[in-house]
>>> print(open('query-v4.txt').read())   # compact mmCIF, C-alpha atoms
# COMPACT_ATOMS: atom_id res chain seq x y z
CA ALA A 1 0.00 0.00 0.00
CA LEU A 2 2.84 2.35 0.88
CA LEU A 3 4.63 1.94 -2.46
CA SER A 4 1.41 1.93 -4.46
CA ARG A 5 0.32 5.29 -3.05
CA ALA A 6 3.66 7.08 -3.15
CA ILE A 7 5.21 8.03 -6.48
CA ILE A 8 8.51 6.23 -6.75
CA TYR A 9 10.50 8.38 -9.15
CA PRO A 10 10.77 11.47 -6.85
CA SER A 11 12.54 9.24 -4.33
CA ALA A 12 15.50 9.12 -6.73
CA LEU A 13 16.05 12.78 -5.85
CA VAL A 14 17.30 11.82 -2.39
CA VAL A 15 20.66 10.76 -3.83
CA LEU A 16 21.23 14.06 -5.64
CA SER A 17 21.67 16.45 -2.70
CA ARG A 18 25.11 18.04 -2.53
CA ARG A 19 24.65 19.08 1.09
CA VAL A 20 23.41 15.69 2.30
CA LEU A 21 26.28 13.95 0.49
CA SER A 22 28.64 16.26 2.34
CA LEU A 23 26.99 15.52 5.69
CA PHE A 24 27.04 11.73 5.30
CA VAL A 25 30.34 11.20 3.48
CA LEU A 26 32.66 14.07 4.39
CA ARG A 27 31.61 15.50 7.73
CA LEU A 28 30.17 12.45 9.48
CA PHE A 29 27.83 14.33 11.82
CA ASN A 30 26.02 12.18 14.36
CA ASP A 31 22.79 13.52 12.88
CA CYS A 32 23.36 11.13 9.98
CA VAL A 33 23.69 8.11 12.29
CA GLN A 34 20.62 9.17 14.25
CA SER A 35 18.56 9.56 11.09
CA ALA A 36 19.61 6.17 9.72
CA VAL A 37 18.59 4.45 12.97
CA MET A 38 15.32 6.41 13.06
CA TYR A 39 14.41 5.37 9.52
CA VAL A 40 14.81 1.75 10.60
CA ALA A 41 12.38 2.51 13.43
CA VAL A 42 9.92 4.07 10.95
CA LEU A 43 10.13 0.94 8.79
CA LEU A 44 9.42 -1.28 11.80
CA PHE A 45 6.49 0.91 12.84
CA ALA A 46 5.11 0.73 9.29
CA GLN A 47 5.22 -3.07 9.66
CA ASN A 48 3.34 -2.80 12.98
CA ARG A 49 6.35 -4.16 14.86
CA TRP A 50 5.86 -1.80 17.75
CA THR A 51 8.26 -3.20 20.34
CA LEU A 52 11.22 -3.42 17.96
CA GLY A 53 10.32 -0.03 16.54
CA CYS A 54 10.34 1.55 20.00
CA ALA A 55 13.68 -0.09 20.75
CA MET A 56 15.17 1.47 17.61
CA LEU A 57 13.55 4.81 18.45
CA SER A 58 15.21 4.75 21.85
CA LEU A 59 18.57 3.88 20.29
CA SER A 60 18.10 6.80 17.90
CA VAL A 61 17.41 9.10 20.85
CA GLY A 62 20.62 7.75 22.41
CA VAL A 63 22.53 9.10 19.42
CA LYS A 64 20.79 12.48 19.35
CA MET A 65 17.65 13.70 21.07
CA ASN A 66 16.04 15.25 18.00
CA ALA A 67 14.49 11.79 17.43
CA LEU A 68 12.01 12.86 20.10
CA LEU A 69 10.36 15.02 17.43
CA TYR A 70 8.70 11.75 16.34
CA ALA A 71 7.51 10.97 19.88
CA PRO A 72 4.01 12.56 19.75
CA GLY A 73 3.20 10.63 16.57
CA VAL A 74 4.59 7.42 18.01
CA LEU A 75 2.45 7.83 21.12
CA ILE A 76 -0.72 8.26 19.05
CA LEU A 77 0.11 5.22 16.92
CA LEU A 78 0.86 3.10 19.98
CA LEU A 79 -2.47 4.03 21.56
CA GLN A 80 -4.32 3.26 18.34
CA ALA A 81 -2.57 -0.06 17.73
CA THR A 82 -1.83 -1.43 21.19
CA GLY A 83 -4.00 0.50 23.65
CA VAL A 84 -2.94 2.03 26.93
CA ARG A 85 -1.27 -1.12 28.30
CA GLY A 86 0.69 -1.71 25.13
CA ALA A 87 1.72 1.94 24.90
CA ALA A 88 2.86 1.93 28.54
CA PHE A 89 4.87 -1.25 27.98
CA ASN A 90 6.68 0.17 24.95
CA ILE A 91 7.33 3.55 26.56
CA ALA A 92 8.80 1.77 29.59
CA LEU A 93 11.03 -0.20 27.23
CA CYS A 94 12.30 3.04 25.70
CA GLY A 95 13.10 4.36 29.18
CA LEU A 96 14.87 1.16 30.16
CA ILE A 97 17.09 1.31 27.09
CA GLN A 98 18.02 4.90 27.95
CA LEU A 99 18.97 3.83 31.47
CA VAL A 100 21.15 1.04 30.11
CA LEU A 101 22.86 3.35 27.62
CA GLY A 102 23.44 6.00 30.26
CA ALA A 103 24.43 3.63 33.08
CA PRO A 104 28.22 4.29 32.88
CA PHE A 105 27.63 8.04 33.12
CA LEU A 106 24.81 7.85 35.65
CA ARG A 107 27.05 5.88 38.01
CA SER A 108 29.91 8.38 37.77
CA TYR A 109 28.37 11.81 37.16
CA PRO A 110 24.56 11.52 37.38
CA VAL A 111 23.76 15.21 37.88
CA ALA A 112 26.10 16.40 35.15
CA TYR A 113 24.87 13.74 32.74
CA VAL A 114 21.16 14.44 33.21
CA SER A 115 21.57 18.24 33.23
CA ARG A 116 23.61 18.23 30.01
CA ALA A 117 21.53 15.58 28.27
CA PHE A 118 18.34 17.62 28.84
CA GLU A 119 19.82 21.11 28.54
CA LEU A 120 16.56 22.83 27.65
CA SER A 121 17.94 26.29 28.47
CA ARG A 122 20.73 26.05 25.89
CA VAL A 123 21.24 29.17 23.77
CA PHE A 124 22.25 28.47 20.18
CA LEU A 125 24.67 30.57 18.15
CA HIS A 126 22.91 32.94 15.79
CA LYS A 127 25.64 32.85 13.14
CA TRP A 128 24.98 29.16 12.35
CA SER A 129 21.19 29.37 12.20
CA VAL A 130 19.86 28.49 8.76
CA ASN A 131 16.28 29.36 9.69
CA GLY A 132 16.88 32.29 12.05
CA ALA A 133 19.33 34.41 10.08
CA TRP A 134 16.61 36.93 9.22
CA LEU A 135 16.12 37.79 12.90
CA PRO A 136 18.36 40.20 14.85
CA GLU A 137 20.54 38.24 17.26
CA LYS A 138 18.91 39.73 20.37
CA VAL A 139 15.49 38.65 19.14
CA PHE A 140 16.78 35.24 18.06
CA ILE A 141 18.09 34.34 21.53
CA SER A 142 15.15 35.86 23.45
CA LYS A 143 12.88 33.69 25.56
CA PRO A 144 9.62 35.10 24.09
CA VAL A 145 10.65 33.78 20.65
CA ALA A 146 11.46 30.38 22.13
CA VAL A 147 8.11 30.24 23.94
CA ALA A 148 6.21 31.35 20.83
CA LEU A 149 7.86 28.65 18.70
CA LEU A 150 7.10 26.00 21.32
CA ALA A 151 3.48 27.14 21.51
CA ALA A 152 3.15 27.08 17.72
CA HIS A 153 4.72 23.60 17.60
CA VAL A 154 2.36 22.17 20.21
CA THR A 155 -0.68 23.89 18.69
CA THR A 156 0.05 22.54 15.21
CA LEU A 157 0.49 19.01 16.53
CA LEU A 158 -2.78 19.27 18.48
CA VAL A 159 -4.63 20.47 15.38
CA PHE A 160 -3.27 17.56 13.32
CA ALA A 161 -4.09 15.12 16.12
CA ARG A 162 -7.61 16.46 16.59
CA TYR A 163 -8.65 16.83 12.96
CA ARG A 164 -6.52 14.25 11.16
CA TRP A 165 -4.76 11.54 13.14
CA MET A 166 -7.47 11.05 15.80
CA ALA A 167 -10.54 12.66 14.23
CA SER A 168 -12.74 9.55 14.25
CA ALA A 169 -11.61 8.53 17.72
CA TRP A 170 -12.28 12.03 19.03
CA ARG A 171 -15.85 11.90 17.78
CA SER A 172 -16.46 8.50 19.37
CA GLY A 173 -14.69 9.17 22.68
CA ILE A 174 -11.41 7.80 23.99
CA ALA A 175 -12.53 4.38 25.18
CA TRP A 176 -10.64 2.89 22.21
CA THR A 177 -7.33 3.68 23.98
CA ARG A 178 -7.99 1.02 26.63
CA ARG A 179 -7.34 -1.92 24.38
CA PRO A 180 -5.62 -2.74 21.08
CA LEU A 181 -8.02 -2.32 18.19
CA ARG A 182 -6.32 -2.62 14.84
CA THR A 183 -3.41 -3.18 12.54
CA LEU A 184 -2.42 0.21 11.15
CA PRO A 185 -1.86 0.74 7.39
CA ALA A 186 1.77 1.44 6.52
CA ASP A 187 1.07 4.65 4.63
CA TYR A 188 -0.97 6.01 7.55
CA VAL A 189 1.88 5.25 9.97
CA VAL A 190 4.45 6.95 7.76
CA ASP A 191 2.16 9.95 7.19
CA VAL A 192 1.80 10.51 10.93
CA LEU A 193 5.50 10.05 11.72
CA PHE A 194 6.94 12.14 8.90
CA THR A 195 4.37 14.91 9.40
CA CYS A 196 5.09 14.98 13.12
CA ASN A 197 8.81 15.30 12.38
CA ILE A 198 8.51 18.08 9.79
CA VAL A 199 6.26 20.09 12.11
CA GLY A 200 8.95 19.83 14.79
CA VAL A 201 11.65 20.89 12.34
CA ALA A 202 9.60 23.82 11.05
CA PHE A 203 9.19 25.26 14.55
CA SER A 204 12.72 24.54 15.75
CA ARG A 205 14.39 27.42 17.52
CA THR A 206 17.34 26.99 15.21
CA ILE A 207 18.32 24.76 12.32
CA HIS A 208 21.97 24.11 11.56
CA TYR A 209 23.23 22.74 8.27
CA GLN A 210 23.60 19.20 9.60
CA PHE A 211 19.96 19.19 10.72
CA TYR A 212 19.03 18.76 7.06
CA ALA A 213 19.67 15.04 7.63
CA TRP A 214 16.75 14.97 10.09
CA TYR A 215 14.13 15.19 7.35
CA PHE A 216 15.66 15.42 3.87
CA HIS A 217 14.87 11.82 2.93
CA SER A 218 11.22 12.26 3.92
CA LEU A 219 10.69 15.30 1.68
CA PRO A 220 9.80 13.45 -1.57
CA TYR A 221 7.28 11.30 0.29
CA LEU A 222 5.63 14.24 2.04
CA LEU A 223 5.60 16.43 -1.07
CA TRP A 224 4.04 13.76 -3.25
CA ARG A 225 1.48 13.00 -0.54
CA SER A 226 0.60 16.70 -0.30
CA ALA A 227 -2.00 18.69 -2.21
CA LEU A 228 0.67 20.86 -3.87
CA SER A 229 0.82 20.91 -7.65
CA LEU A 230 3.63 19.06 -9.42
CA PRO A 231 5.61 22.26 -10.22
CA ALA A 232 5.18 23.41 -6.60
CA ARG A 233 6.51 20.11 -5.29
CA PHE A 234 9.69 20.39 -7.33
CA ALA A 235 10.00 24.08 -6.47
CA VAL A 236 9.81 23.40 -2.72
CA LEU A 237 12.32 20.54 -2.95
CA LEU A 238 14.80 22.58 -4.99
CA ALA A 239 14.34 25.70 -2.86
CA ILE A 240 15.11 23.80 0.35
CA GLU A 241 18.20 22.30 -1.27
CA LEU A 242 19.27 25.78 -2.37
CA VAL A 243 18.91 27.19 1.14
CA TYR A 244 21.13 24.50 2.66
CA ASN A 245 23.81 25.22 0.07
CA VAL A 246 23.96 28.93 0.89
CA TYR A 247 26.91 29.62 3.21
CA PRO A 248 27.04 31.46 5.53
CA PRO A 249 23.33 31.65 6.41
CA ARG A 250 21.51 34.59 4.82
CA GLY A 251 18.33 36.33 5.84
CA TRP A 252 16.56 35.80 2.51
CA ALA A 253 17.45 32.10 2.59
CA SER A 254 16.03 31.63 6.09
CA VAL A 255 12.77 33.30 5.04
CA LEU A 256 12.61 31.06 1.97
CA LEU A 257 13.19 27.96 4.12
CA SER A 258 10.38 28.91 6.49
CA MET A 259 8.05 29.52 3.56
CA CYS A 260 8.88 26.10 2.11
CA HIS A 261 8.27 24.37 5.43
CA GLY A 262 4.96 26.20 5.79
CA ALA A 263 3.87 25.33 2.26
CA LEU A 264 4.74 21.67 2.81
CA ILE A 265 2.81 21.42 6.08
CA LEU A 266 -0.17 23.23 4.54
CA GLY A 267 -0.05 20.91 1.53
CA VAL A 268 -0.07 17.84 3.76
CA TRP A 269 -2.97 19.27 5.73
CA LEU A 270 -5.04 19.98 2.63
CA SER A 271 -4.38 16.53 1.18
CA ARG A 272 -5.77 14.93 4.35
CA ALA A 273 -2.81 12.53 4.37
CA GLY A 274 -2.81 10.82 7.74
CA ASP A 275 -6.58 11.07 8.15
CA ASP A 276 -7.63 8.28 10.51
CA HIS A 277 -10.73 7.41 8.46
CA CYS A 278 -8.58 4.66 6.90
CA LEU A 279 -8.42 2.77 10.19
CA GLN A 280 -10.66 -0.26 10.51
CA PRO A 281 -11.04 -2.30 13.70
CA THR A 282 -9.46 -5.75 13.57
CA ARG A 283 -9.19 -8.69 15.90
CA THR A 284 -7.45 -7.61 19.09
CA PRO A 285 -3.76 -8.59 19.09
CA SER A 286 -1.64 -9.04 22.18
CA PHE A 287 0.71 -6.12 22.62
CA ALA A 288 3.32 -8.49 24.03
CA LYS A 289 3.53 -10.14 20.62
CA GLN A 290 4.10 -6.90 18.71
CA GLN A 291 7.84 -7.43 18.14
>>> encode(input="query-v4.txt", output="C-alpha cells")
Amino acid sequence: ALLSRAIIYPSALVVLSRRVLSLFVLRLFNDCVQSAVMYVAVLLFAQNRWTLGCAMLSLSVGVKMNALLYAPGVLILLLQATGVRGAAFNIALCGLIQLVLGAPFLRSYPVAYVSRAFELSRVFLHKWSVNGAWLPEKVFISKPVAVALLAAHVTTLLVFARYRWMASAWRSGIAWTRRPLRTLPADYVVDVLFTCNIVGVAFSRTIHYQFYAWYFHSLPYLLWRSALSLPARFAVLLAIELVYNVYPPRGWASVLLSMCHGALILGVWLSRAGDDHCLQPTRTPSFAKQQ
C-alpha cells in the first residue's frame, strides 16, 4: 500500500543532494547516524512491529535527542494499535534502554549527565542558524521567541491530532485507547511520523546545516502526498536544497526555508494525508507479541 500510493520516481532525488552527500560522506555528523537508525524505526512501525520499533527509536534518541520530534506521533500510533497497556509497555522499554545506555555516566556523574543531556535552556549561536538568520541576534536568543515557537509547535500538533490523526476517535470518545483495536496501514503510519517530524523541524528554535539530515529523505514522500501541484513540489524541494547550500546563512534564505516548510505542512494538511478514516477495527492482538 505504501509503495502503491507514493510516487517512486521522486525518491530518486534523495541521492542528488550536494549538502546531504557532504553531511554523510565528508563531515560524518552524528545527525546522519541518528537519522539512519530512526528510519529503521519508521520501517518497523510501518510493519506494525511496535516493540522493535520503540527499541530502535530509543537507540536513535541515544545518538541524538532530536528523534524525540517523532515521539508525539509514536504515542498516538501506539495508543491506536496497542491500547494504553501496550503503549505503557513500549514507553517503559524506551526508558529502560536509555537507562542502560546511560548507566556508565549515571554511576559516575549523574547530575552532570542528566543536566547536560536535557539542557533545555541552551542558547544556540545565531551565526549558524539556517532558519533564524533573518532575525536580529537579540530577538533570536530571546525567551519570548522560544516560547512562541514551542506554543506554535504544540498547537500545530494538536490540530493535526484532533482533525486528522485522531478525528474519528475524538468523535467516538477515547474508550478505544484502553485496548488494542487494529493493525495500522503502513502509509498512515508513515504519514503521521513524517508529518510529526517536519512540524517539529519547522518550529525549531534553530536549524543548523547538519539538521538537514533529520528530514531530507522524507521530503519526496511528504511532497508527493501533499495537495501541492507538481511544479510546486519540485519548487519546494529545490528551494530547500538551495537554502542549505547557501553559506554562511543569509536572511533571505532563512525566510525562503520557512516559507517552504509552511507550504509543505499546509499541503499535507489539505491533502488529508494521515486522516484516521482509513483505520478499521481488527481482531485484538496481544501487545506483548508486537515485536
>>> atom_distance(input="query-v4.txt", atom1="CA of Thr195 in chain A", atom2="CA of Leu44 in chain A")
17.1 Å
>>> closest_residue(input="query-v4.txt", among="A:Ile207, A:Ala239, A:Ala87, A:Leu149", to="His126 in chain A", atoms="only C-alpha atoms")
A:Ile207
>>> closest_residue(input="query-v4.txt", among="A:Thr51, A:Asn131, A:Thr206, A:Gln98", to="Leu78 in chain A", atoms="only C-alpha atoms")
A:Thr51
>>> closest_atom_pairs(input="query-v4.txt", of="range 123-219 of chain A", to="range 19-26 of chain A", cutoff="9 Å", atoms="all atoms listed in the file", output="CSV")
residue,atom,partner,partner_atom,distance
A:Tyr209,CA,A:Arg19,CA,8.2
A:Gln210,CA,A:Leu23,CA,6.4
A:Tyr212,CA,A:Val20,CA,7.2
A:Ala213,CA,A:Val20,CA,6.5
A:Phe216,CA,A:Val20,CA,7.9
>>> atom_distance(input="query-v4.txt", atom1="CA of Lys138 in chain A", atom2="CA of His261 in chain A")
23.9 Å
>>> closest_atom_pairs(input="query-v4.txt", of="range 115-199 of chain A", to="range 217-223 of chain A", cutoff="9 Å", atoms="only C-alpha atoms", output="JSON lines")
{"residue": "A:Asp191", "atom": "CA", "partner": "A:Leu222", "partner_atom": "CA", "distance": 7.5}
{"residue": "A:Phe194", "atom": "CA", "partner": "A:Ser218", "partner_atom": "CA", "distance": 6.6}
{"residue": "A:Thr195", "atom": "CA", "partner": "A:Leu222", "partner_atom": "CA", "distance": 7.5}
{"residue": "A:Ile198", "atom": "CA", "partner": "A:Ser218", "partner_atom": "CA", "distance": 8.7}
>>> atom_distance(input="query-v4.txt", atom1="CA of Gly267 in chain A", atom2="CA of Val192 in chain A")
14.1 Å
>>> residues_near_point(input="query-v4.txt", point="(-0.8, 16.2, 0.3)", cutoff="7 Å", atoms="only C-alpha atoms", output="ChimeraX atom specification")
/A:222-228,267-273
>>> closest_residue(input="query-v4.txt", among="A:Gly200, A:Pro136, A:Gly83, A:Pro231", to="His153 in chain A", atoms="all atoms listed in the file")
A:Gly200
>>> residues_around(input="query-v4.txt", residues="Leu242 in chain A", least_positions_apart="3", cutoff="10 Å", atoms="all atoms listed in the file", output="MDAnalysis selection string")
chainID A and resid 17:19 236:239 245:246 253 256:257
>>> closest_residue(input="query-v4.txt", among="A:Leu99, A:Ala55, A:Val255, A:Val139", to="Val114 in chain A", atoms="only C-alpha atoms")
A:Leu99
>>> residues_near_point(input="query-v4.txt", point="(4.3, -1.0, 20.5)", cutoff="10 Å", atoms="all atoms listed in the file", output="number ranges by chain")
A: 45, 48-55, 74-75, 77-83, 85-91, 93, 287-291
>>> residues_around(input="query-v4.txt", residues="Ala36 in chain A", least_positions_apart="5", cutoff="9 Å", atoms="all atoms listed in the file", output="MDAnalysis selection string")
chainID A and resid 31 41 60
>>> write_last_selection(input="query-v4.txt", atoms="C-alpha atoms", output="compact mmCIF listing (two decimals), keeping the file's coordinate frame")
# COMPACT_ATOMS: atom_id res chain seq x y z
CA ASP A 31 22.79 13.52 12.88
CA ALA A 41 12.38 2.51 13.43
CA SER A 60 18.10 6.80 17.90
>>> closest_residue(input="query-v4.txt", among="A:Cys196, A:Ile141, A:Val100, A:Leu43", to="Ala67 in chain A", atoms="all atoms listed in the file")
A:Cys196
>>> closest_residue(input="query-v4.txt", among="A:Leu184, A:Val37, A:Val130, A:Leu157", to="Pro249 in chain A", atoms="all atoms listed in the file")
A:Val130
>>> build_atoms(input="query-v4.txt", residues="range 153-164 of chain A", atoms="all heavy atoms", output="tab-separated table (two decimals), in the frame of the given file")
chain	number	residue	atom	x	y	z
A	153	HIS	N	4.44	25.03	17.83
A	153	HIS	CA	4.72	23.60	17.60
A	153	HIS	C	3.63	22.74	18.23
A	153	HIS	O	3.03	21.87	17.57
A	153	HIS	CB	6.09	23.26	18.19
A	153	HIS	CG	6.51	21.85	17.99
A	153	HIS	ND1	7.64	21.31	18.62
A	153	HIS	CD2	5.98	20.83	17.26
A	153	HIS	CE1	7.75	20.04	18.26
A	153	HIS	NE2	6.77	19.73	17.44
A	154	VAL	N	3.36	22.97	19.49
A	154	VAL	CA	2.36	22.17	20.21
A	154	VAL	C	0.98	22.37	19.60
A	154	VAL	O	0.22	21.40	19.42
A	154	VAL	CB	2.36	22.54	21.70
A	154	VAL	CG1	1.21	21.85	22.42
A	154	VAL	CG2	3.69	22.15	22.35
A	155	THR	N	0.64	23.61	19.27
A	155	THR	CA	-0.68	23.89	18.69
A	155	THR	C	-0.87	23.18	17.36
A	155	THR	O	-1.93	22.58	17.11
A	155	THR	CB	-0.86	25.40	18.50
A	155	THR	OG1	-0.76	26.06	19.77
A	155	THR	CG2	-2.21	25.72	17.87
A	156	THR	N	0.15	23.20	16.51
A	156	THR	CA	0.05	22.54	15.21
A	156	THR	C	-0.11	21.03	15.37
A	156	THR	O	-0.94	20.41	14.68
A	156	THR	CB	1.30	22.84	14.36
A	156	THR	OG1	1.47	24.26	14.24
A	156	THR	CG2	1.17	22.22	12.97
A	157	LEU	N	0.63	20.44	16.29
A	157	LEU	CA	0.49	19.01	16.53
A	157	LEU	C	-0.91	18.68	17.05
A	157	LEU	O	-1.52	17.67	16.64
A	157	LEU	CB	1.54	18.53	17.54
A	157	LEU	CG	2.99	18.47	17.05
A	157	LEU	CD1	3.90	18.02	18.18
A	157	LEU	CD2	3.13	17.52	15.86
A	158	LEU	N	-1.43	19.51	17.94
A	158	LEU	CA	-2.78	19.27	18.48
A	158	LEU	C	-3.84	19.37	17.39
A	158	LEU	O	-4.79	18.59	17.37
A	158	LEU	CB	-3.07	20.26	19.61
A	158	LEU	CG	-2.32	20.05	20.92
A	158	LEU	CD1	-2.62	21.17	21.90
A	158	LEU	CD2	-2.68	18.70	21.54
A	159	VAL	N	-3.67	20.32	16.48
A	159	VAL	CA	-4.63	20.47	15.38
A	159	VAL	C	-4.59	19.24	14.48
A	159	VAL	O	-5.64	18.70	14.09
A	159	VAL	CB	-4.34	21.75	14.59
A	159	VAL	CG1	-5.16	21.79	13.30
A	159	VAL	CG2	-4.65	22.99	15.43
A	160	PHE	N	-3.38	18.77	14.14
A	160	PHE	CA	-3.27	17.56	13.32
A	160	PHE	C	-3.85	16.36	14.05
A	160	PHE	O	-4.56	15.53	13.46
A	160	PHE	CB	-1.81	17.29	12.95
A	160	PHE	CG	-1.40	17.88	11.63
A	160	PHE	CD1	-0.76	19.11	11.58
A	160	PHE	CD2	-1.64	17.21	10.44
A	160	PHE	CE1	-0.38	19.67	10.36
A	160	PHE	CE2	-1.27	17.74	9.22
A	160	PHE	CZ	-0.63	18.99	9.18
A	161	ALA	N	-3.56	16.25	15.35
A	161	ALA	CA	-4.09	15.12	16.12
A	161	ALA	C	-5.61	15.16	16.18
A	161	ALA	O	-6.28	14.13	16.00
A	161	ALA	CB	-3.49	15.13	17.52
A	162	ARG	N	-6.15	16.34	16.43
A	162	ARG	CA	-7.61	16.46	16.59
A	162	ARG	C	-8.38	16.25	15.29
A	162	ARG	O	-9.41	15.58	15.27
A	162	ARG	CB	-7.93	17.85	17.18
A	162	ARG	CG	-9.41	18.23	17.19
A	162	ARG	CD	-10.21	17.30	18.10
A	162	ARG	NE	-11.62	17.69	18.13
A	162	ARG	CZ	-12.52	17.33	17.23
A	162	ARG	NH1	-12.17	16.55	16.20
A	162	ARG	NH2	-13.78	17.73	17.34
A	163	TYR	N	-7.87	16.82	14.19
A	163	TYR	CA	-8.65	16.83	12.96
A	163	TYR	C	-8.12	15.89	11.87
A	163	TYR	O	-8.76	15.79	10.82
A	163	TYR	CB	-8.72	18.26	12.41
A	163	TYR	CG	-9.47	19.19	13.31
A	163	TYR	CD1	-8.79	20.08	14.13
A	163	TYR	CD2	-10.87	19.16	13.36
A	163	TYR	CE1	-9.49	20.94	14.98
A	163	TYR	CE2	-11.57	20.01	14.21
A	163	TYR	CZ	-10.87	20.90	15.01
A	163	TYR	OH	-11.57	21.73	15.85
A	164	ARG	N	-7.02	15.20	12.13
A	164	ARG	CA	-6.52	14.25	11.16
A	164	ARG	C	-6.24	12.89	11.79
A	164	ARG	O	-6.94	11.92	11.52
A	164	ARG	CB	-5.23	14.79	10.49
A	164	ARG	CG	-5.44	15.98	9.57
A	164	ARG	CD	-6.26	15.61	8.33
A	164	ARG	NE	-6.38	16.75	7.42
A	164	ARG	CZ	-7.37	17.61	7.45
A	164	ARG	NH1	-8.34	17.50	8.35
A	164	ARG	NH2	-7.43	18.60	6.58
